[in-house]
Each structure stands twice: as C-alpha cells, then as structure tokens.
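The data block below is data30.tsv; it holds TSV, C-alpha atoms and all ligand atoms.
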```tsv
chain	number	residue	atom	x	y	z
J	229	ASN	CA	-100.45	-90.21	-12.39
J	230	GLU	CA	-102.30	-93.29	-11.18
J	231	SER	CA	-100.79	-95.47	-8.51
J	232	ILE	CA	-100.57	-99.22	-8.81
J	233	LEU	CA	-101.84	-100.85	-5.65
J	234	VAL	CA	-100.09	-104.03	-4.61
J	235	ASN	CA	-101.67	-105.95	-1.75
J	236	ASN	CA	-99.63	-108.38	0.23
J	237	VAL	CA	-99.91	-109.95	3.65
J	238	ASP	CA	-97.73	-107.25	5.22
J	239	GLY	CA	-99.78	-104.30	4.05
J	240	ARG	CA	-100.34	-102.32	0.89
J	241	CYS	CA	-97.90	-100.66	-1.45
J	242	PHE	CA	-98.96	-97.68	-3.57
J	243	TYR	CA	-96.51	-97.61	-6.44
J	244	PHE	CA	-96.04	-94.59	-8.73
J	245	ASP	CA	-93.82	-94.08	-11.68
J	246	GLU	CA	-94.04	-90.38	-10.84
J	247	THR	CA	-95.62	-88.39	-8.02
J	248	THR	CA	-95.08	-85.05	-6.29
J	249	SER	CA	-93.90	-86.54	-3.00
J	250	THR	CA	-94.51	-89.97	-1.47
J	251	ASN	CA	-95.07	-88.25	1.91
J	252	ALA	CA	-97.67	-85.94	0.35
J	253	PHE	CA	-99.52	-88.90	-1.17
J	254	LEU	CA	-99.83	-90.76	2.16
J	255	LEU	CA	-100.69	-87.56	4.05
J	256	GLY	CA	-103.62	-87.13	1.67
J	257	HIS	CA	-104.98	-90.64	2.30
J	258	THR	CA	-104.49	-91.26	6.01
J	259	SER	CA	-108.09	-92.24	6.74
J	260	GLU	CA	-107.68	-95.29	4.45
J	261	LEU	CA	-104.27	-96.38	5.71
J	262	LYS	CA	-103.01	-99.03	8.12
J	263	SER	CA	-99.64	-99.07	9.87
J	264	GLY	CA	-97.06	-100.46	7.48
J	265	ASP	CA	-98.74	-99.30	4.25
J	266	ILE	CA	-96.16	-97.75	1.97
J	267	CYS	CA	-95.87	-95.51	-1.06
J	268	ILE	CA	-92.97	-95.86	-3.49
J	269	ALA	CA	-92.11	-93.72	-6.52
J	270	GLU	CA	-89.47	-93.78	-9.24
J	271	TYR	CA	-89.47	-89.97	-9.47
J	272	GLN	CA	-90.70	-87.15	-7.23
J	273	SER	CA	-91.41	-83.79	-8.81
J	274	ALA	CA	-91.47	-82.10	-5.38
J	275	GLY	CA	-89.48	-84.31	-3.01
J	276	ARG	CA	-89.10	-82.56	0.29
J	277	GLY	CA	-86.68	-82.17	3.20
J	278	ARG	CA	-87.07	-80.35	6.50
J	279	ARG	CA	-88.36	-76.78	6.67
J	280	GLY	CA	-89.36	-76.46	3.04
J	281	ARG	CA	-86.04	-77.69	1.66
J	282	LYS	CA	-86.04	-79.96	-1.37
J	283	TRP	CA	-84.99	-83.58	-1.77
J	284	LEU	CA	-83.60	-83.96	-5.26
J	285	SER	CA	-85.46	-86.97	-6.69
J	286	PRO	CA	-84.48	-87.72	-10.27
J	287	TYR	CA	-85.27	-90.90	-12.17
J	288	GLY	CA	-82.48	-93.42	-11.92
J	289	HIS	CA	-83.42	-96.27	-9.69
J	290	HIS	CA	-83.11	-94.26	-6.45
J	291	ILE	CA	-85.34	-94.99	-3.48
J	292	TYR	CA	-88.18	-92.60	-2.64
J	293	ALA	CA	-90.54	-94.18	-0.16
J	294	SER	CA	-92.88	-93.35	2.71
J	295	MET	CA	-94.57	-95.53	5.29
J	296	PHE	CA	-97.68	-94.80	7.33
J	297	TRP	CA	-97.60	-95.61	11.05
J	298	ARG	CA	-100.10	-95.13	13.87
J	299	LEU	CA	-98.37	-94.72	17.26
J	300	HIS	CA	-100.50	-95.64	20.25
J	301	SER	CA	-99.50	-92.58	22.21
J	302	ASP	CA	-99.66	-88.80	22.11
J	303	ILE	CA	-97.37	-86.67	19.99
J	304	SER	CA	-94.70	-86.26	22.69
J	305	LYS	CA	-93.45	-89.79	22.02
J	306	ALA	CA	-92.84	-89.03	18.35
J	307	SER	CA	-89.93	-86.69	19.10
J	308	GLY	CA	-87.20	-89.31	18.73
J	309	LEU	CA	-88.72	-91.08	15.79
J	310	SER	CA	-86.43	-89.86	13.01
J	311	LEU	CA	-83.53	-91.27	15.05
J	312	VAL	CA	-85.20	-94.68	15.18
J	313	VAL	CA	-85.76	-94.53	11.42
J	314	GLY	CA	-82.09	-93.62	10.88
J	315	CYS	CA	-81.01	-96.62	12.98
J	316	SER	CA	-83.38	-98.80	11.02
J	317	ILE	CA	-82.14	-97.70	7.58
J	318	VAL	CA	-78.53	-98.22	8.66
J	319	LYS	CA	-79.45	-101.72	9.85
J	320	ALA	CA	-81.18	-102.56	6.56
J	321	LEU	CA	-78.27	-101.24	4.47
J	322	SER	CA	-75.75	-103.10	6.65
J	323	ALA	CA	-77.60	-106.34	5.87
J	324	PHE	CA	-76.45	-105.79	2.26
J	325	GLY	CA	-72.83	-105.34	3.36
J	326	VAL	CA	-72.79	-101.54	3.12
J	327	GLU	CA	-69.91	-100.19	5.26
J	328	GLY	CA	-68.88	-96.64	6.13
J	329	LEU	CA	-72.37	-95.54	7.21
J	330	GLY	CA	-72.95	-92.80	9.76
J	331	LEU	CA	-75.86	-90.98	11.37
J	332	LYS	CA	-76.16	-87.23	11.71
J	333	TRP	CA	-78.68	-85.99	14.26
J	334	PRO	CA	-81.57	-85.80	13.77
J	335	ASN	CA	-82.44	-87.07	10.29
J	336	ASP	CA	-79.55	-87.81	7.92
J	337	ILE	CA	-77.61	-90.88	6.87
J	338	TYR	CA	-74.10	-90.50	5.54
J	339	LEU	CA	-71.82	-92.79	3.58
J	340	GLU	CA	-68.13	-92.00	3.74
J	341	HIS	CA	-69.00	-88.64	5.35
J	342	LYS	CA	-71.27	-87.50	2.53
J	343	LYS	CA	-75.05	-87.47	2.54
J	344	LEU	CA	-76.54	-90.71	1.23
J	345	ALA	CA	-80.09	-90.58	2.54
J	346	GLY	CA	-82.55	-88.25	4.21
J	347	ILE	CA	-85.54	-88.86	6.47
J	348	LEU	CA	-88.64	-86.73	6.87
J	349	VAL	CA	-91.17	-87.67	9.55
J	350	GLU	CA	-94.41	-85.73	9.30
J	351	ILE	CA	-97.36	-85.80	11.70
J	352	ALA	CA	-100.72	-86.39	10.02
J	353	HIS	CA	-103.01	-86.29	13.09
J	354	SER	CA	-102.53	-86.56	16.81
J	355	SER	CA	-104.72	-86.97	19.87
J	356	ALA	CA	-104.12	-88.00	23.47
J	357	GLN	CA	-104.49	-91.67	22.42
J	358	GLN	CA	-102.69	-91.89	19.09
J	359	THR	CA	-100.43	-90.14	16.61
J	360	GLU	CA	-100.56	-90.79	12.88
J	361	LEU	CA	-97.23	-90.42	11.16
J	362	VAL	CA	-95.83	-90.50	7.67
J	363	ILE	CA	-92.21	-91.58	7.59
J	364	GLY	CA	-90.46	-90.66	4.37
J	365	PHE	CA	-86.95	-91.50	3.19
J	366	GLY	CA	-84.86	-91.02	0.10
J	367	ILE	CA	-81.74	-93.05	-0.63
J	368	ASN	CA	-79.36	-92.36	-3.53
J	369	MET	CA	-78.60	-95.54	-5.42
J	370	SER	CA	-76.57	-94.46	-8.45
J	371	MET	CA	-76.51	-90.72	-9.04
J	372	SER	CA	-74.99	-89.29	-12.21
J	373	ALA	CA	-72.56	-86.38	-11.85
J	374	GLU	CA	-75.09	-84.24	-13.72
J	375	GLN	CA	-77.89	-85.09	-11.26
J	376	GLY	CA	-75.61	-84.75	-8.24
J	377	GLY	CA	-74.39	-81.37	-9.49
J	378	LEU	CA	-77.77	-79.97	-8.47
J	379	ILE	CA	-77.22	-80.87	-4.79
J	380	ASP	CA	-75.75	-78.04	-2.73
J	381	GLN	CA	-73.86	-80.19	-0.22
J	382	PRO	CA	-71.51	-83.22	-0.49
J	383	TRP	CA	-73.52	-86.32	-1.41
J	384	SER	CA	-72.87	-90.00	-1.91
J	385	ASP	CA	-74.65	-92.98	-3.41
J	386	LEU	CA	-74.36	-96.76	-3.35
J	387	SER	CA	-72.64	-97.02	-6.74
J	388	SER	CA	-69.14	-97.42	-5.27
J	389	LEU	CA	-70.10	-100.69	-3.56
J	390	MET	CA	-68.64	-103.96	-4.76
J	391	SER	CA	-72.14	-105.16	-5.45
J	392	MET	CA	-75.10	-102.83	-5.65
J	393	PRO	CA	-78.12	-104.09	-3.65
J	394	ASP	CA	-81.11	-105.03	-5.77
J	395	LYS	CA	-83.60	-102.18	-5.31
J	396	THR	CA	-86.65	-104.36	-4.70
J	397	GLU	CA	-84.81	-106.53	-2.20
J	398	LEU	CA	-83.53	-103.43	-0.42
J	399	LEU	CA	-87.03	-101.96	-0.26
J	400	ILE	CA	-88.41	-105.20	1.19
J	401	GLN	CA	-85.61	-105.24	3.79
J	402	LEU	CA	-86.18	-101.56	4.67
J	403	HIS	CA	-89.92	-102.14	5.08
J	404	LYS	CA	-89.42	-105.20	7.26
J	405	THR	CA	-86.72	-103.60	9.43
J	406	LEU	CA	-88.70	-100.39	9.88
J	407	LYS	CA	-91.83	-102.22	11.02
J	408	THR	CA	-89.88	-104.34	13.49
J	409	ASP	CA	-88.05	-101.30	14.85
J	410	LEU	CA	-91.20	-99.21	15.20
J	411	GLN	CA	-92.83	-102.03	17.19
J	412	LEU	CA	-89.72	-102.17	19.38
J	413	PHE	CA	-89.86	-98.38	19.80
J	414	GLU	CA	-93.50	-98.60	20.90
J	415	GLN	CA	-92.69	-101.29	23.46
J	416	LYS	CA	-89.34	-100.11	24.79
J	417	GLY	CA	-88.86	-96.49	23.68
J	418	LEU	CA	-85.76	-94.90	22.25
J	419	GLY	CA	-83.60	-96.46	24.97
J	420	ALA	CA	-83.61	-99.67	22.92
J	421	PHE	CA	-81.80	-97.83	20.09
J	422	LEU	CA	-79.12	-95.95	22.02
J	423	ASP	CA	-76.40	-98.56	21.38
J	424	ARG	CA	-77.13	-98.54	17.65
J	425	TRP	CA	-77.21	-94.75	17.56
J	426	ASN	CA	-73.93	-94.45	19.46
J	427	LYS	CA	-72.25	-96.94	17.14
J	428	TYR	CA	-73.05	-94.86	14.04
J	429	ASP	CA	-73.12	-91.33	15.53
J	430	LEU	CA	-70.88	-89.28	13.22
J	431	PHE	CA	-70.46	-86.36	15.60
J	432	ALA	CA	-69.91	-88.09	18.96
J	433	ASN	CA	-67.33	-86.18	21.01
J	434	ARG	CA	-66.73	-83.68	18.23
J	435	ASP	CA	-66.90	-79.88	18.31
J	436	VAL	CA	-70.17	-78.87	16.70
J	437	SER	CA	-72.39	-75.85	16.11
J	438	LEU	CA	-76.13	-76.04	16.52
J	439	ILE	CA	-77.83	-73.60	14.21
J	440	MET	CA	-81.19	-72.28	15.36
J	441	ALA	CA	-81.53	-69.34	13.01
J	442	PRO	CA	-80.61	-66.61	13.74
J	443	ASN	CA	-78.72	-68.09	16.70
J	444	CYS	CA	-75.92	-70.61	16.95
J	445	VAL	CA	-74.60	-72.56	19.97
J	446	ASN	CA	-71.20	-74.24	20.07
J	447	GLY	CA	-70.15	-77.22	22.16
J	448	ILE	CA	-69.05	-80.81	22.13
J	449	CYS	CA	-71.56	-83.39	20.98
J	450	ARG	CA	-72.20	-85.97	23.74
J	451	GLY	CA	-74.75	-88.18	22.02
J	452	ILE	CA	-78.49	-88.30	22.67
J	453	ASP	CA	-80.82	-88.97	25.58
J	454	ASP	CA	-83.76	-91.37	25.66
J	455	GLN	CA	-86.11	-88.68	24.31
J	456	GLY	CA	-83.93	-88.17	21.21
J	457	ALA	CA	-82.56	-84.82	22.42
J	458	LEU	CA	-79.01	-83.97	21.37
J	459	LEU	CA	-76.69	-83.57	24.37
J	460	LEU	CA	-74.29	-80.68	23.97
J	461	GLU	CA	-71.46	-79.98	26.39
J	462	THR	CA	-71.14	-76.21	26.70
J	463	ASP	CA	-69.34	-73.83	29.08
J	464	GLN	CA	-72.51	-73.97	31.22
J	465	GLY	CA	-72.56	-77.77	31.39
J	466	ILE	CA	-74.57	-80.32	29.40
J	467	LYS	CA	-77.61	-78.89	27.61
J	468	ARG	CA	-80.27	-80.82	25.72
J	469	TYR	CA	-81.80	-79.82	22.40
J	470	LEU	CA	-84.82	-81.38	20.75
J	471	GLY	CA	-85.08	-81.55	16.91
J	472	GLY	CA	-87.53	-79.19	15.27
J	473	GLU	CA	-85.74	-76.25	13.77
J	474	ILE	CA	-82.16	-77.17	14.70
J	475	SER	CA	-79.35	-78.04	12.27
J	476	LEU	CA	-76.10	-79.64	13.36
J	477	ARG	CA	-72.79	-78.72	11.71
J	478	ALA	CA	-69.16	-79.60	12.39
J	479	ALA	CA	-67.57	-76.57	14.13
J	501	LIG	P1	-80.21	-80.48	8.43
J	501	LIG	O1	-78.83	-80.73	8.90
J	501	LIG	O2	-80.84	-79.31	9.05
J	501	LIG	O3	-81.06	-81.71	8.40
J	501	LIG	P2	-79.98	-80.66	5.61
J	501	LIG	O4	-79.38	-79.63	4.69
J	501	LIG	O5	-79.31	-81.97	5.64
J	501	LIG	O6	-79.97	-79.98	6.96
J	501	LIG	P3	-82.63	-81.86	5.05
J	501	LIG	O7	-83.94	-81.18	5.15
J	501	LIG	O8	-82.34	-83.03	5.90
J	501	LIG	O9	-81.54	-80.74	5.27
J	501	LIG	O10	-82.43	-82.32	3.53
J	501	LIG	C1	-82.55	-81.41	2.47
J	501	LIG	C2	-81.15	-81.02	1.97
J	501	LIG	O11	-80.44	-82.20	1.56
J	501	LIG	C3	-81.18	-80.13	0.73
J	501	LIG	O12	-81.26	-78.78	1.09
J	501	LIG	C4	-79.88	-80.49	0.03
J	501	LIG	O13	-78.80	-79.76	0.57
J	501	LIG	C5	-79.66	-81.96	0.38
J	501	LIG	N1	-80.16	-82.89	-0.66
J	501	LIG	C6	-81.25	-82.75	-1.46
J	501	LIG	N2	-81.43	-83.83	-2.23
J	501	LIG	C7	-80.43	-84.68	-1.93
J	501	LIG	C8	-80.06	-85.98	-2.40
J	501	LIG	N3	-80.75	-86.63	-3.33
J	501	LIG	N4	-78.94	-86.54	-1.85
J	501	LIG	C9	-78.22	-85.92	-0.90
J	501	LIG	N5	-78.53	-84.70	-0.42
J	501	LIG	C10	-79.62	-84.08	-0.92
```

What does this structure look like when you write it as structure tokens?
Ligand code: ATP
Amino acid sequence: NESILVNNVDGRCFYFDETTSTNAFLLGHTSELKSGDICIAEYQSAGRGRRGRKWLSPYGHHIYASMFWRLHSDISKASGLSLVVGCSIVKALSAFGVEGLGLKWPNDIYLEHKKLAGILVEIAHSSAQQTELVIGFGINMSMSAEQGGLIDQPWSDLSSLMSMPDKTELLIQLHKTLKTDLQLFEQKGLGAFLDRWNKYDLFANRDVSLIMAPNCVNGICRGIDDQGALLLETDQGIKRYLGGEISLRAA
C-alpha cells in the first residue's frame, strides 16, 4: 500500500487507503519527519491501543490518524502528554458543536459515557535534549452495529449528532488544535490544561478502582496534578499514580 504525500504549508500528510497502523508508519520514518507531519488512513489492519490491545479500525469514514512531534525536553516531560491530546481532541470536537464529551484518565474520550475515541502516544527516540513522539488517535464517526459488535466495551460514535462534522474539516481542525496545544504544553506545561481537564473529567469525585494487574487500589478520584498523575484519595490520604500500566474503572 503506497501512501499519497500531500505537502502543505503546515507540514506533510501521508495518506493511505489502508495501512497496518498510522502510528507504526510514522514510527518507521521518524528520521524524515518534522513536528506536525501526519499520517491518515481509511482502514487499519492492526490498529493498536495500550499494552498490545487492539483499536478496531474498519472502513467507514472513521478517523485514524497520527502526528509526529519533537519535544525539546527529556522523556520525563512526556508523561502528561496523552492528557493534553485528550483536551485537544475535546476542544476540536466541541468546535463542531459536539456535546456530552468526557475524558477518562489517561487516554480515552467518551461521548454520552461510552468510548468514542482512543489515544496512543508512543515514544520513538529520547535523549536529554529531545523526545520524539508519535501521537495516534482513532475517532468513531459512524459505526455500524455489525462493526461495533466486535468491540468488547460500550462504544459510541458521532452518528447521533444533529449534523455530522465533515471528516476533512474535522481532521484539519484536529491537526490545528493539536499543534497549538502542543506548543502551549511546551511553553507552559500541563498546568495550562488543568481547567480543561477538570471540566471534562468523567471520574472527578467518584469512587474508582485503579487496576495495576494483578493489584487493584480503590479510592475517590481527585483529578490530576501538573505532571499528569491521577490523584486518588485513599484511607492513607491522597496518593498519585502515573499512567503506564494503570487502568481506571468506576468502582
Ligand atoms: P484503559 O482504560 O486501560 O485505557 P481500554 O480498554 O480503554 O483501557 P485502550 O488501550 O485505551 O484500552 O483501547 C483499546 C480498547 O478499546 C480495546 O481493548 C477495546 O475494548 C476498545 N476499542 C477498540 N476499538 C474501539 C473502537 N473503535 N471504539 C471504541 N472502543 C474501542
């Protein structure tokens, strides 16, 4: 499958009808990439989620996209990045009048309490001076019951909206918003996103379980700190947990 390369003033877009994974494509070409370059596909044969899980990526006008970004700092700063991307996607969707959106720490976007979109940030290279990242996201536009039947958790799509956003316009908005937000993140850190996160945080002040197989910790979700760690109120006080292998569930 050959990509079509579209050059524009804001960077390059590698467009595929079909690919394994848009993240995998960019990860294989990092030496040629500039911040803001993106890869878009109509279908992914091996779309991926965290820890080897799969992102179901059928044909059907859904969004499967990844963007390359070079952070001018070491890897420690990348810890809160999926939260920034979540805030950014919510902002872009809101610009099209989408309501009922929510964020689930650390990497999911919900619509009406069902999963609409997923984010996967992968590190390509890192040094003391810079960290190269591939930021992938999938958004369900209009999923058939047959396609959705393959997903093993409640899902949603944008088909119930009064007017469905045009896919190209939504992609342009997502790209623009992401670039602006990543620049803001580089200048001001995650602190600049706390208000946005708190506004959309689905689990704020709710009883939750944090699953860190084989262990599980229960507590009340008290938002995030400026490193992107989840703050959990437990019997021993507030504890902080950083992404990685942790999954959040309603208790
Ligand atoms: P976590 O809470 O740990 O992030 P998760 O189950 O949401 O758990 P992810 O890695 O974020 O895991 O996403 C992969 C999961 O998302 C899959 O295991 C599946 O349950 C679900 N999923 C896969 N494809 C889709 C899709 N197109 N739309 C909605 N949900 C999907």

### Task
Check which residues fall inside 8 Å of ligand LIG 501 (chain J) when counting only C-alpha atoms and all ligand atoms, and print them as a PyMOL selection string.
chain J and resi 276-286+332-336+342-348+366-368+376+379-385+473-477

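The space between atom CA of Gly417 of chain J and atom CA of Ala323 of chain J spans 23.3 Å.
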
- Polymer residues at most 8 Å from segment 312-319 of chain J, all atoms listed in the file, same-chain spacing of 2 or more positions, as JSON, numbers by chain: {"J": [308, 309, 310, 321, 322, 323, 329, 330, 331, 335, 336, 337, 347, 402, 405, 406, 409, 410, 413, 418, 421, 424, 425]}

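In this comparison, which uses all atoms listed in the file, the residue of J:Val362, J:Val234, J:Val326, J:Leu255 approaching Ala306 of chain J most closely is J:Val362.
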
Between J:Ala252, J:Ala320, J:Cys267, J:Leu430, smallest distance to Ile351 of chain J by only C-alpha atoms belongs to J:Ala252

Residues within 6 Å of segment 448-452 of chain J, please, as a VMD selection string. Count all atoms listed in the file; anything in the same chain fewer than 2 positions from it doesn't count. chain J and resid 432 to 436 456 to 461

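Comparing the minimum interatomic distances between Leu339 of chain J and each of J:Ser372, J:Ser301, J:Thr462, J:Ser387, counting all atoms listed in the file, we find that J:Ser387 sits nearest.
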
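Among J:Asp423, J:Asp453, J:Glu327, J:Glu350, the residue with the shortest atom-to-atom distance to Ile363 of chain J, counting only C-alpha atoms, is J:Glu350.
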
The residue from J:Phe253, J:Asp245, J:Ser294, J:Lys404 with the smallest atom-to-atom distance to Tyr271 of chain J, counting all atoms listed in the file, is J:Asp245

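Across the structure, atom CA of Thr408 of chain J and atom CA of Thr258 of chain J are spaced 21.0 Å apart.
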
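Here atom CA of Gln358 of chain J is placed at a distance of 14.4 Å from atom CA of Gln415 of chain J.
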
Using only C-alpha atoms, the residue out of J:Gly377, J:Gly419, J:Gly328, J:Gly471 with shortest distance to Val349 of chain J is J:Gly471

Residue contacts of Trp297 of chain J (7 Å, all atoms listed in the file) excluding same-chain residues fewer than 6 positions away, as a PDB file with C-alpha atoms, keeping the file's coordinate frame:
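around.pdb was written with the following content:
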```pdb
ATOM      1  CA  SER J 263     -99.640 -99.070   9.870  1.00  0.00           C
ATOM      2  CA  GLY J 264     -97.060-100.460   7.480  1.00  0.00           C
ATOM      3  CA  GLU J 360    -100.560 -90.790  12.880  1.00  0.00           C
ATOM      4  CA  LEU J 361     -97.230 -90.420  11.160  1.00  0.00           C
ATOM      5  CA  VAL J 362     -95.830 -90.500   7.670  1.00  0.00           C
TER       6      VAL J 362
END
```

Hey, what's within 6 Å of Ala293 of chain J if we count only C-alpha atoms and toss same-chain stuff fewer than 5 positions away? As a PDB file with C-alpha atoms, in the coordinates of the input, please?
```pdb
ATOM      1  CA  THR J 250     -94.510 -89.970  -1.470  1.00  0.00           C
ATOM      2  CA  CYS J 267     -95.870 -95.510  -1.060  1.00  0.00           C
ATOM      3  CA  ILE J 268     -92.970 -95.860  -3.490  1.00  0.00           C
ATOM      4  CA  GLY J 364     -90.460 -90.660   4.370  1.00  0.00           C
ATOM      5  CA  PHE J 365     -86.950 -91.500   3.190  1.00  0.00           C
TER       6      PHE J 365
END
```

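At a cut-off of 8 Å from (-77.8, -107.5, -1.9), the residue set is J:Ala323, J:Phe324, J:Gly325, J:Ser391, J:Met392, J:Pro393, J:Asp394, J:Glu397, J:Leu398 (counting only C-alpha atoms).
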